[in-house]
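Next comes structure_29.cif, with mmCIF, C-alpha atoms.
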```cif
data_structure
#
loop_
_atom_site.group_PDB
_atom_site.id
_atom_site.type_symbol
_atom_site.label_atom_id
_atom_site.label_comp_id
_atom_site.auth_asym_id
_atom_site.auth_seq_id
_atom_site.Cartn_x
_atom_site.Cartn_y
_atom_site.Cartn_z
ATOM 1 C CA MET A 23 25.489 -18.662 69.598
ATOM 2 C CA GLN A 24 22.374 -16.869 68.386
ATOM 3 C CA PHE A 25 21.726 -13.276 67.422
ATOM 4 C CA SER A 26 18.328 -11.845 66.656
ATOM 5 C CA LEU A 27 17.809 -9.876 63.474
ATOM 6 C CA ARG A 28 16.950 -6.922 65.698
ATOM 7 C CA THR A 29 20.375 -7.096 67.353
ATOM 8 C CA LEU A 30 22.090 -7.254 63.954
ATOM 9 C CA LYS A 31 20.061 -4.242 62.806
ATOM 10 C CA TYR A 32 21.151 -2.306 65.904
ATOM 11 C CA ILE A 33 24.825 -3.097 65.369
ATOM 12 C CA VAL A 34 24.739 -2.135 61.659
ATOM 13 C CA ALA A 35 23.050 1.148 62.598
ATOM 14 C CA ILE A 36 25.810 1.866 65.135
ATOM 15 C CA ALA A 37 28.432 1.269 62.432
ATOM 16 C CA ASP A 38 26.613 3.486 59.911
ATOM 17 C CA THR A 39 26.106 6.412 62.294
ATOM 18 C CA GLY A 40 29.301 6.083 64.333
ATOM 19 C CA ALA A 41 27.407 6.773 67.550
ATOM 20 C CA MET A 42 24.964 4.827 69.702
ATOM 21 C CA THR A 43 22.933 7.952 70.428
ATOM 22 C CA GLU A 44 22.368 8.688 66.743
ATOM 23 C CA ALA A 45 21.686 5.019 65.949
ATOM 24 C CA ALA A 46 19.048 4.910 68.695
ATOM 25 C CA ARG A 47 17.467 8.104 67.367
ATOM 26 C CA GLN A 48 17.241 6.771 63.819
ATOM 27 C CA LEU A 49 15.789 3.464 64.997
ATOM 28 C CA ASN A 50 13.411 5.240 67.370
ATOM 29 C CA ILE A 51 14.508 3.247 70.432
ATOM 30 C CA SER A 52 16.195 4.194 73.688
ATOM 31 C CA GLN A 53 19.976 4.414 73.887
ATOM 32 C CA PRO A 54 20.143 1.949 76.827
ATOM 33 C CA SER A 55 18.370 -0.627 74.652
ATOM 34 C CA ILE A 56 20.856 -0.363 71.809
ATOM 35 C CA SER A 57 23.824 -0.209 74.208
ATOM 36 C CA SER A 58 22.576 -3.297 76.038
ATOM 37 C CA ALA A 59 22.185 -5.212 72.759
ATOM 38 C CA LEU A 60 25.744 -4.353 71.709
ATOM 39 C CA ASN A 61 27.199 -5.317 75.087
ATOM 40 C CA ALA A 62 25.344 -8.641 75.033
ATOM 41 C CA ALA A 63 26.609 -9.399 71.512
ATOM 42 C CA GLU A 64 30.223 -8.616 72.450
ATOM 43 C CA GLU A 65 29.938 -10.752 75.574
ATOM 44 C CA ALA A 66 28.538 -13.669 73.585
ATOM 45 C CA LEU A 67 31.290 -13.376 70.971
ATOM 46 C CA GLY A 68 34.058 -12.764 73.464
ATOM 47 C CA ILE A 69 35.442 -9.942 71.342
ATOM 48 C CA GLN A 70 35.040 -6.170 71.101
ATOM 49 C CA LEU A 71 33.124 -4.979 68.060
ATOM 50 C CA PHE A 72 33.515 -1.229 68.628
ATOM 51 C CA VAL A 73 36.001 1.047 70.355
ATOM 52 C CA ARG A 74 34.165 3.591 72.508
ATOM 53 C CA HIS A 75 35.456 7.168 72.463
ATOM 54 C CA HIS A 76 34.293 9.492 75.201
ATOM 55 C CA ALA A 77 31.953 12.079 73.669
ATOM 56 C CA ARG A 78 33.227 11.155 70.182
ATOM 57 C CA GLY A 79 31.158 8.128 69.262
ATOM 58 C CA VAL A 80 32.498 4.709 68.327
ATOM 59 C CA THR A 81 34.643 3.111 65.619
ATOM 60 C CA PRO A 82 34.503 -0.563 64.596
ATOM 61 C CA THR A 83 37.402 -2.868 65.347
ATOM 62 C CA VAL A 84 38.779 -5.155 62.613
ATOM 63 C CA ALA A 85 36.520 -7.925 63.893
ATOM 64 C CA GLY A 86 33.671 -5.429 64.139
ATOM 65 C CA ARG A 87 33.975 -4.436 60.484
ATOM 66 C CA ARG A 88 33.775 -8.063 59.400
ATOM 67 C CA PHE A 89 30.818 -8.696 61.704
ATOM 68 C CA VAL A 90 28.963 -5.673 60.298
ATOM 69 C CA ASN A 91 29.650 -6.721 56.695
ATOM 70 C CA GLU A 92 28.253 -10.191 57.307
ATOM 71 C CA ALA A 93 25.305 -8.738 59.226
ATOM 72 C CA ARG A 94 24.397 -6.471 56.291
ATOM 73 C CA LEU A 95 24.241 -9.462 53.958
ATOM 74 C CA LEU A 96 22.170 -11.511 56.402
ATOM 75 C CA LEU A 97 19.689 -8.656 56.888
ATOM 76 C CA LYS A 98 19.269 -8.337 53.118
ATOM 77 C CA GLN A 99 18.683 -12.083 52.854
ATOM 78 C CA ALA A 100 16.104 -11.839 55.637
ATOM 79 C CA ARG A 101 14.258 -9.076 53.768
ATOM 80 C CA ASP A 102 14.248 -11.211 50.625
ATOM 81 C CA PHE A 103 12.937 -14.157 52.615
ATOM 82 C CA GLU A 104 10.127 -12.045 54.011
ATOM 83 C CA ARG A 105 9.145 -10.816 50.557
ATOM 84 C CA SER A 106 9.292 -14.353 49.174
ATOM 85 C CA ILE A 107 6.971 -15.629 51.890
ATOM 86 C CA ASP A 108 4.565 -12.781 51.145
ATOM 87 C CA SER A 109 4.489 -13.636 47.453
ATOM 88 C CA LEU A 110 4.693 -17.433 47.250
ATOM 89 C CA GLY A 111 3.949 -18.545 43.738
ATOM 90 C CA ALA A 112 4.694 -15.116 42.275
ATOM 91 C CA SER A 113 7.674 -14.129 40.131
ATOM 92 C CA MET A 114 11.057 -13.287 41.672
ATOM 93 C CA THR A 115 10.997 -10.286 43.989
ATOM 94 C CA GLY A 116 13.455 -8.421 46.161
ATOM 95 C CA GLU A 117 15.561 -5.300 46.465
ATOM 96 C CA ILE A 118 19.216 -5.056 45.486
ATOM 97 C CA THR A 119 21.755 -2.260 45.736
ATOM 98 C CA VAL A 120 24.125 -1.921 42.785
ATOM 99 C CA GLY A 121 27.217 0.259 42.682
ATOM 100 C CA ALA A 122 28.483 1.954 39.545
ATOM 101 C CA PHE A 123 31.485 4.027 38.529
ATOM 102 C CA VAL A 124 30.150 7.521 37.845
ATOM 103 C CA THR A 125 30.882 7.718 34.109
ATOM 104 C CA LEU A 126 29.693 4.148 33.515
ATOM 105 C CA ALA A 127 26.519 4.928 35.436
ATOM 106 C CA THR A 128 25.847 7.982 33.258
ATOM 107 C CA ARG A 129 26.479 6.080 30.024
ATOM 108 C CA TYR A 130 24.888 2.697 30.711
ATOM 109 C CA MET A 131 22.595 2.689 33.729
ATOM 110 C CA PRO A 132 19.579 4.514 32.199
ATOM 111 C CA GLY A 133 19.217 1.807 29.551
ATOM 112 C CA LEU A 134 20.093 -1.027 31.928
ATOM 113 C CA LEU A 135 17.687 -0.015 34.679
ATOM 114 C CA SER A 136 14.858 0.663 32.239
ATOM 115 C CA GLU A 137 15.220 -2.683 30.476
ATOM 116 C CA PHE A 138 15.684 -4.641 33.707
ATOM 117 C CA ALA A 139 12.568 -3.076 35.239
ATOM 118 C CA THR A 140 10.599 -4.217 32.192
ATOM 119 C CA ARG A 141 11.903 -7.766 32.418
ATOM 120 C CA MET A 142 11.878 -8.172 36.214
ATOM 121 C CA PRO A 143 9.287 -5.784 37.662
ATOM 122 C CA GLY A 144 9.402 -7.528 41.042
ATOM 123 C CA ILE A 145 13.036 -6.639 41.682
ATOM 124 C CA THR A 146 13.814 -3.101 42.851
ATOM 125 C CA VAL A 147 17.320 -1.822 42.033
ATOM 126 C CA ARG A 148 18.876 0.885 44.206
ATOM 127 C CA LEU A 149 21.815 2.618 42.510
ATOM 128 C CA LYS A 150 24.870 3.937 44.354
ATOM 129 C CA GLU A 151 27.368 5.892 42.253
ATOM 130 C CA GLY A 152 30.967 6.680 43.095
ATOM 131 C CA ASN A 153 34.548 6.679 41.911
ATOM 132 C CA GLN A 154 36.477 3.401 41.686
ATOM 133 C CA GLN A 155 37.717 3.654 45.257
ATOM 134 C CA GLU A 156 34.213 4.300 46.616
ATOM 135 C CA VAL A 157 32.681 1.508 44.539
ATOM 136 C CA VAL A 158 35.178 -1.019 45.917
ATOM 137 C CA GLU A 159 34.718 0.195 49.503
ATOM 138 C CA ASP A 160 30.942 -0.160 49.210
ATOM 139 C CA LEU A 161 31.364 -3.774 48.085
ATOM 140 C CA LEU A 162 33.775 -4.549 50.915
ATOM 141 C CA THR A 163 31.456 -3.085 53.555
ATOM 142 C CA GLY A 164 28.316 -4.721 52.192
ATOM 143 C CA ARG A 165 26.603 -1.478 51.219
ATOM 144 C CA THR A 166 26.354 -2.872 47.702
ATOM 145 C CA GLU A 167 26.379 -6.471 46.488
ATOM 146 C CA LEU A 168 27.212 -5.913 42.825
ATOM 147 C CA ALA A 169 28.965 -3.163 40.901
ATOM 148 C CA LEU A 170 29.590 -1.994 37.352
ATOM 149 C CA ALA A 171 33.142 -0.660 37.455
ATOM 150 C CA TYR A 172 36.646 -1.043 36.091
ATOM 151 C CA ALA A 173 39.180 -3.800 36.643
ATOM 152 C CA TYR A 174 41.861 -1.727 38.346
ATOM 153 C CA ALA A 175 42.764 -1.338 42.036
ATOM 154 C CA LEU A 176 40.814 -4.432 43.077
ATOM 155 C CA PRO A 177 41.661 -6.119 46.394
ATOM 156 C CA SER A 178 41.808 -9.921 46.598
ATOM 157 C CA GLU A 179 38.352 -10.079 48.220
ATOM 158 C CA ILE A 180 36.704 -8.688 45.072
ATOM 159 C CA GLU A 181 35.978 -10.927 42.109
ATOM 160 C CA GLY A 182 34.384 -10.083 38.810
ATOM 161 C CA GLU A 183 33.400 -11.020 35.292
ATOM 162 C CA ARG A 184 34.695 -9.046 32.333
ATOM 163 C CA LEU A 185 31.890 -7.415 30.371
ATOM 164 C CA ILE A 186 33.588 -5.287 27.707
ATOM 165 C CA ASP A 187 36.881 -3.563 26.825
ATOM 166 C CA LEU A 188 36.724 0.179 26.172
ATOM 167 C CA PRO A 189 39.680 1.753 24.308
ATOM 168 C CA PRO A 190 40.590 5.400 24.954
ATOM 169 C CA TYR A 191 39.368 8.085 22.561
ATOM 170 C CA LEU A 192 40.264 11.744 22.188
ATOM 171 C CA LEU A 193 37.341 14.043 22.821
ATOM 172 C CA LEU A 194 37.674 17.290 20.854
ATOM 173 C CA SER A 195 35.457 20.270 20.130
ATOM 174 C CA ALA A 196 33.460 19.858 16.934
ATOM 175 C CA ASP A 197 35.448 22.689 15.286
ATOM 176 C CA HIS A 198 38.892 21.447 16.362
ATOM 177 C CA PRO A 199 41.355 21.271 13.420
ATOM 178 C CA ALA A 200 41.801 17.515 14.005
ATOM 179 C CA ALA A 201 38.070 16.789 14.287
ATOM 180 C CA SER A 202 37.831 15.751 10.638
ATOM 181 C CA LYS A 203 40.705 13.251 10.823
ATOM 182 C CA PRO A 204 39.925 9.512 10.984
ATOM 183 C CA ALA A 205 42.393 9.149 13.880
ATOM 184 C CA VAL A 206 44.608 11.513 15.881
ATOM 185 C CA SER A 207 48.005 10.980 17.517
ATOM 186 C CA LEU A 208 48.215 11.829 21.204
ATOM 187 C CA LYS A 209 51.584 13.421 20.449
ATOM 188 C CA GLU A 210 49.871 15.801 18.021
ATOM 189 C CA VAL A 211 47.658 17.360 20.701
ATOM 190 C CA ALA A 212 49.932 16.919 23.740
ATOM 191 C CA GLY A 213 50.936 20.589 23.698
ATOM 192 C CA GLU A 214 47.319 21.784 23.808
ATOM 193 C CA PRO A 215 45.331 22.347 27.035
ATOM 194 C CA PHE A 216 44.208 19.044 28.568
ATOM 195 C CA ILE A 217 41.184 18.681 30.852
ATOM 196 C CA LEU A 218 41.647 15.850 33.368
ATOM 197 C CA LEU A 219 38.917 13.674 34.859
ATOM 198 C CA ASP A 220 40.384 13.923 38.338
ATOM 199 C CA LEU A 221 39.130 10.795 40.133
ATOM 200 C CA PRO A 222 41.130 8.238 42.164
ATOM 201 C CA HIS A 223 42.812 5.682 39.861
ATOM 202 C CA SER A 224 41.247 7.286 36.764
ATOM 203 C CA ARG A 225 43.805 10.090 36.811
ATOM 204 C CA ASP A 226 46.610 7.487 36.989
ATOM 205 C CA TYR A 227 45.233 5.644 33.971
ATOM 206 C CA PHE A 228 45.114 8.818 31.864
ATOM 207 C CA MET A 229 48.587 9.930 32.919
ATOM 208 C CA ASN A 230 49.969 6.496 32.028
ATOM 209 C CA LEU A 231 48.593 6.890 28.503
ATOM 210 C CA PHE A 232 50.734 10.003 28.017
ATOM 211 C CA MET A 233 53.761 8.285 29.543
ATOM 212 C CA THR A 234 53.322 5.385 27.104
ATOM 213 C CA CYS A 235 53.521 7.890 24.244
ATOM 214 C CA GLY A 236 56.529 9.660 25.777
ATOM 215 C CA VAL A 237 54.757 13.002 26.230
ATOM 216 C CA LEU A 238 53.332 15.014 29.118
ATOM 217 C CA PRO A 239 49.891 16.663 29.139
ATOM 218 C CA LYS A 240 49.417 20.368 29.658
ATOM 219 C CA ILE A 241 46.682 20.193 32.298
ATOM 220 C CA ILE A 242 44.582 23.367 32.378
ATOM 221 C CA TYR A 243 41.486 22.151 34.262
ATOM 222 C CA ARG A 244 40.704 19.270 36.608
ATOM 223 C CA SER A 245 37.199 18.131 37.413
ATOM 224 C CA GLN A 246 35.338 15.178 38.895
ATOM 225 C CA SER A 247 32.333 15.886 36.654
ATOM 226 C CA TYR A 248 32.572 14.420 33.193
ATOM 227 C CA GLU A 249 29.648 16.518 31.950
ATOM 228 C CA LEU A 250 31.523 19.664 32.996
ATOM 229 C CA ILE A 251 34.591 18.392 31.143
ATOM 230 C CA ARG A 252 32.548 17.709 27.990
ATOM 231 C CA GLY A 253 31.168 21.230 28.172
ATOM 232 C CA LEU A 254 34.645 22.721 28.451
ATOM 233 C CA VAL A 255 35.806 20.625 25.504
ATOM 234 C CA GLY A 256 32.770 21.718 23.479
ATOM 235 C CA ARG A 257 33.670 25.361 24.215
ATOM 236 C CA SER A 258 37.202 24.792 22.844
ATOM 237 C CA CYS A 259 38.849 25.132 26.269
ATOM 238 C CA GLY A 260 40.903 21.995 25.676
ATOM 239 C CA TYR A 261 40.639 18.291 24.897
ATOM 240 C CA THR A 262 40.196 15.222 27.060
ATOM 241 C CA ILE A 263 40.343 11.426 26.892
ATOM 242 C CA HIS A 264 37.389 9.172 27.514
ATOM 243 C CA ASN A 265 36.567 5.478 27.221
ATOM 244 C CA ALA A 266 32.793 5.141 27.780
ATOM 245 C CA LEU A 267 31.680 7.242 24.827
ATOM 246 C CA PRO A 268 28.388 9.100 25.297
ATOM 247 C CA GLY A 269 25.556 8.346 22.910
ATOM 248 C CA THR A 270 25.454 11.952 21.713
ATOM 249 C CA SER A 271 27.789 14.749 20.649
ATOM 250 C CA LEU A 272 25.624 17.427 22.259
ATOM 251 C CA THR A 273 26.937 18.626 25.627
ATOM 252 C CA TYR A 274 24.843 19.689 28.597
ATOM 253 C CA ASP A 275 25.351 23.394 27.811
ATOM 254 C CA GLY A 276 24.500 23.047 24.123
ATOM 255 C CA SER A 277 27.962 22.854 22.522
ATOM 256 C CA PHE A 278 29.228 19.926 20.438
ATOM 257 C CA VAL A 279 32.126 17.504 20.771
ATOM 258 C CA THR A 280 33.535 14.754 18.589
ATOM 259 C CA ALA A 281 35.400 11.559 19.483
ATOM 260 C CA ARG A 282 38.413 10.332 17.547
ATOM 261 C CA PRO A 283 40.425 7.099 17.814
ATOM 262 C CA ILE A 284 44.000 7.523 19.015
ATOM 263 C CA VAL A 285 46.727 6.535 16.538
ATOM 264 C CA GLU A 286 49.006 5.037 19.197
ATOM 265 C CA LYS A 287 48.178 1.556 20.473
ATOM 266 C CA LEU A 288 47.134 2.252 24.065
ATOM 267 C CA PRO A 289 45.638 -0.019 26.726
ATOM 268 C CA ALA A 290 41.864 -0.242 26.971
ATOM 269 C CA VAL A 291 39.987 -0.419 30.260
ATOM 270 C CA GLN A 292 38.026 -3.498 31.232
ATOM 271 C CA VAL A 293 34.466 -2.953 32.406
ATOM 272 C CA MET A 294 33.613 -5.540 35.050
ATOM 273 C CA CYS A 295 30.674 -6.896 36.994
ATOM 274 C CA LEU A 296 32.202 -6.934 40.498
ATOM 275 C CA HIS A 297 31.126 -8.705 43.685
ATOM 276 C CA LEU A 298 32.553 -10.047 46.933
ATOM 277 C CA GLY A 299 34.229 -13.373 46.289
ATOM 278 C CA ARG A 300 33.431 -14.957 49.652
ATOM 279 C CA SER A 301 29.700 -14.230 49.539
ATOM 280 C CA ARG A 302 27.133 -16.218 47.647
ATOM 281 C CA MET A 303 24.925 -13.926 45.583
ATOM 282 C CA ARG A 304 21.245 -13.807 46.453
ATOM 283 C CA PRO A 305 18.881 -14.877 43.631
ATOM 284 C CA ALA A 306 17.814 -11.319 42.786
ATOM 285 C CA VAL A 307 21.463 -10.181 42.665
ATOM 286 C CA GLN A 308 22.416 -13.175 40.521
ATOM 287 C CA THR A 309 19.597 -12.305 38.130
ATOM 288 C CA PHE A 310 20.942 -8.762 37.672
ATOM 289 C CA ALA A 311 24.492 -10.091 37.205
ATOM 290 C CA HIS A 312 23.308 -12.383 34.401
ATOM 291 C CA PHE A 313 21.414 -9.462 32.880
ATOM 292 C CA LEU A 314 24.613 -7.364 32.817
ATOM 293 C CA GLU A 315 26.526 -10.140 31.066
ATOM 294 C CA GLU A 316 23.778 -10.458 28.469
ATOM 295 C CA ALA A 317 23.636 -6.685 27.887
ATOM 296 C CA PHE A 318 27.344 -6.491 26.997
ATOM 297 C CA ALA A 319 27.568 -9.826 25.155
ATOM 298 C CA PRO A 320 27.609 -10.034 21.321
ATOM 299 C CA GLY A 321 24.190 -9.004 20.131
ATOM 300 C CA GLY A 322 23.395 -7.319 23.441
ATOM 301 C CA MET A 323 22.401 -3.742 24.218
ATOM 302 C CA PHE A 324 25.953 -2.350 24.416
ATOM 303 C CA HIS A 325 28.157 -4.696 22.408
ATOM 304 C CA SER A 326 28.645 -2.053 19.678
ATOM 305 C CA ASP A 327 30.263 0.303 22.223
ATOM 306 C CA THR A 328 33.608 -1.263 21.387
ATOM 307 C CA HIS A 329 33.468 0.696 18.119
ATOM 308 C CA LEU A 330 33.483 4.429 17.508
ATOM 309 C CA MET A 331 29.922 5.660 17.209
ATOM 310 C CA SER A 332 28.808 7.915 14.362
ATOM 311 C CA LEU A 333 28.951 10.972 16.577
ATOM 312 C CA ASP A 334 29.541 13.393 13.716
ATOM 313 C CA ALA A 335 26.290 12.447 12.008
ATOM 314 C CA LYS A 336 24.443 12.790 15.307
ATOM 315 C CA ALA A 337 26.016 16.193 15.860
ATOM 316 C CA ARG A 338 24.922 17.449 12.459
ATOM 317 C CA ARG A 339 21.349 16.266 13.024
ATOM 318 C CA ALA A 340 21.248 17.773 16.500
ATOM 319 C CA GLU A 341 22.707 21.076 15.283
ATOM 320 C CA ALA A 342 20.141 21.274 12.499
ATOM 321 C CA ALA A 343 17.328 20.606 14.946
ATOM 322 C CA TYR A 344 18.755 23.063 17.458
#
```
Can you turn what I pasted into structure tokens?
Amino acid sequence: MQFSLRTLKYIVAIADTGAMTEAARQLNISQPSISSALNAAEEALGIQLFVRHHARGVTPTVAGRRFVNEARLLLKQARDFERSIDSLGASMTGEITVGAFVTLATRYMPGLLSEFATRMPGITVRLKEGNQQEVVEDLLTGRTELALAYAYALPSEIEGERLIDLPPYLLLSADHPAASKPAVSLKEVAGEPFILLDLPHSRDYFMNLFMTCGVLPKIIYRSQSYELIRGLVGRSCGYTIHNALPGTSLTYDGSFVTARPIVEKLPAVQVMCLHLGRSRMRPAVQTFAHFLEEAFAPGGMFHSDTHLMSLDAKARRAEAAY
């Protein structure tokens, strides 16, 4: 049983667009050509890859989803092979797509991508951000091959290596009465307005922290943007909880926040390097995975993130400069 790379490309395009007409348009080929390729593939396999809906496109079957996932990986390997042939004797080259949880991407990816580009200029990294649910789905469907995300809500197909544990911190406005304390009890602020990072699974983690302390938050705002939340905290609209502490106390709108350890012993989150367990990582992907482990290892770029940063000193310097 043989499939050309062209046929695999057609089938992946059908899955991505959900319609043979749109897939043909994007690939700049005729619809009969792409329809014929799909029919021939299904006949060779003896299974149906897509369910056709009259005037409503197509949806992949269970077998079709698995076929498309494997086809994505093979097409990426083929592109790497082509680049390798074009640059025999040169350093490692290729293109990889890395997923990242939105707050982890904001905190860590600028430094990671900059440093990796310096070390491995032949490897191009495409970044795809999302919430935990989206990051996992992208791995399962082959849209990404590696991801920087958390260790919760992972299906059995996903494996990963622990990079770092991030404890929860209270994020308060710089002029909050508790901002000068070395640590603050969650019970002490539970009656104040709370601003929730309202993302799948993240919201459950934060709510469980309050349940562990036997209190309930007074939620006043919900947002999927952590920068918006930091701005609201800086303007004394409430407090929030965060794990991946920013490298600055200055918010996007020019106000200031401060981070404080929580008195109660609460569970940290594990930052992971995630990948599909059944798939062997391509060399370029493996190189980035090793780079992530090094960056978060003792002595690495982000090992000190397990400790509270001197945000107050940074805030004072920034305020003086401002």
On this structure, the PyMOL selection byres ((chain A and resi 116) around 9) would catch which residues? List them as a PyMOL selection string, sorted by chain and number. chain A and resi 101-103+105-106+114-115+117-118+144-147+305-307
Only C-alpha atoms, please: the residues just picked out, written as a PDB file, in the coordinates of the input.
```pdb
ATOM      1  CA  ARG A 101      14.258  -9.076  53.768  1.00  0.00           C
ATOM      2  CA  ASP A 102      14.248 -11.211  50.625  1.00  0.00           C
ATOM      3  CA  PHE A 103      12.937 -14.157  52.615  1.00  0.00           C
ATOM      4  CA  ARG A 105       9.145 -10.816  50.557  1.00  0.00           C
ATOM      5  CA  SER A 106       9.292 -14.353  49.174  1.00  0.00           C
ATOM      6  CA  MET A 114      11.057 -13.287  41.672  1.00  0.00           C
ATOM      7  CA  THR A 115      10.997 -10.286  43.989  1.00  0.00           C
ATOM      8  CA  GLU A 117      15.561  -5.300  46.465  1.00  0.00           C
ATOM      9  CA  ILE A 118      19.216  -5.056  45.486  1.00  0.00           C
ATOM     10  CA  GLY A 144       9.402  -7.528  41.042  1.00  0.00           C
ATOM     11  CA  ILE A 145      13.036  -6.639  41.682  1.00  0.00           C
ATOM     12  CA  THR A 146      13.814  -3.101  42.851  1.00  0.00           C
ATOM     13  CA  VAL A 147      17.320  -1.822  42.033  1.00  0.00           C
ATOM     14  CA  PRO A 305      18.881 -14.877  43.631  1.00  0.00           C
ATOM     15  CA  ALA A 306      17.814 -11.319  42.786  1.00  0.00           C
ATOM     16  CA  VAL A 307      21.463 -10.181  42.665  1.00  0.00           C
TER      17      VAL A 307
END
```
Atom CA of A:Thr83 to atom CA of A:Met303, distance in Å rounded to a single decimal: 25.9 Å
How many Å separate atom CA of A:Val291 from atom CA of A:Ser258?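 Going from atom CA of A:Val291 over to atom CA of A:Ser258, I get 26.4 Å.
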Resolved residues for the PyMOL selection byres ((chain A and resi 186) around 10) as a list in words: Tyr172, Glu183, Arg184, Leu185, Asp187, Leu188, Pro189, Ala290, Val291, Gln292, Val293, Met294, Cys295, Glu315, Phe318, Ala319, Pro320, Phe324, His325, Ser326, Asp327 and Thr328 of chain A
Take the PyMOL selection byres ((chain A and resi 208) around 10), apply it to the structure above, and return the hits as a PyMOL selection string. chain A and resi 191-192+205-207+209-213+231-232+235-239+263+283-286
Do you have, as a Markdown table, the list of residues of stretch 34-126 of chain A lying at most 12 Å from stretch 152-168 of chain A, each with its nearest atom pair and that distance in Å to one decimal, counting all atoms listed in the file and ordered by chain then number?
```
| residue | atom | partner | partner_atom | distance |
| --- | --- | --- | --- | --- |
| A:Val34 | CA | A:Gly164 | CA | 10.4 |
| A:Ala37 | CA | A:Thr163 | CA | 10.3 |
| A:Asp38 | CA | A:Arg165 | CA | 10.0 |
| A:Pro82 | CA | A:Thr163 | CA | 11.7 |
| A:Val84 | CA | A:Thr163 | CA | 11.8 |
| A:Gly86 | CA | A:Thr163 | CA | 11.1 |
| A:Arg87 | CA | A:Thr163 | CA | 7.5 |
| A:Arg88 | CA | A:Thr163 | CA | 8.0 |
| A:Phe89 | CA | A:Thr163 | CA | 9.9 |
| A:Val90 | CA | A:Thr163 | CA | 7.6 |
| A:Asn91 | CA | A:Gly164 | CA | 5.1 |
| A:Glu92 | CA | A:Gly164 | CA | 7.5 |
| A:Ala93 | CA | A:Gly164 | CA | 8.6 |
| A:Arg94 | CA | A:Gly164 | CA | 5.9 |
| A:Leu95 | CA | A:Gly164 | CA | 6.5 |
| A:Leu96 | CA | A:Gly164 | CA | 10.1 |
| A:Leu97 | CA | A:Gly164 | CA | 10.6 |
| A:Lys98 | CA | A:Gly164 | CA | 9.8 |
| A:Gln99 | CA | A:Glu167 | CA | 11.5 |
| A:Glu117 | CA | A:Glu167 | CA | 10.9 |
| A:Ile118 | CA | A:Glu167 | CA | 7.4 |
| A:Thr119 | CA | A:Thr166 | CA | 5.0 |
| A:Val120 | CA | A:Leu168 | CA | 5.0 |
| A:Gly121 | CA | A:Val157 | CA | 5.9 |
| A:Ala122 | CA | A:Gly152 | CA | 6.4 |
| A:Phe123 | CA | A:Asn153 | CA | 5.3 |
| A:Val124 | CA | A:Gly152 | CA | 5.4 |
| A:Thr125 | CA | A:Asn153 | CA | 8.7 |
| A:Leu126 | CA | A:Gly152 | CA | 10.0 |
```
Quick one: of A:Glu181, A:Val279, A:Val255, A:Met323, who's nearest to A:Ser136, counting only C-alpha atoms?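 The answer is A:Met323, which sits nearest to A:Ser136.
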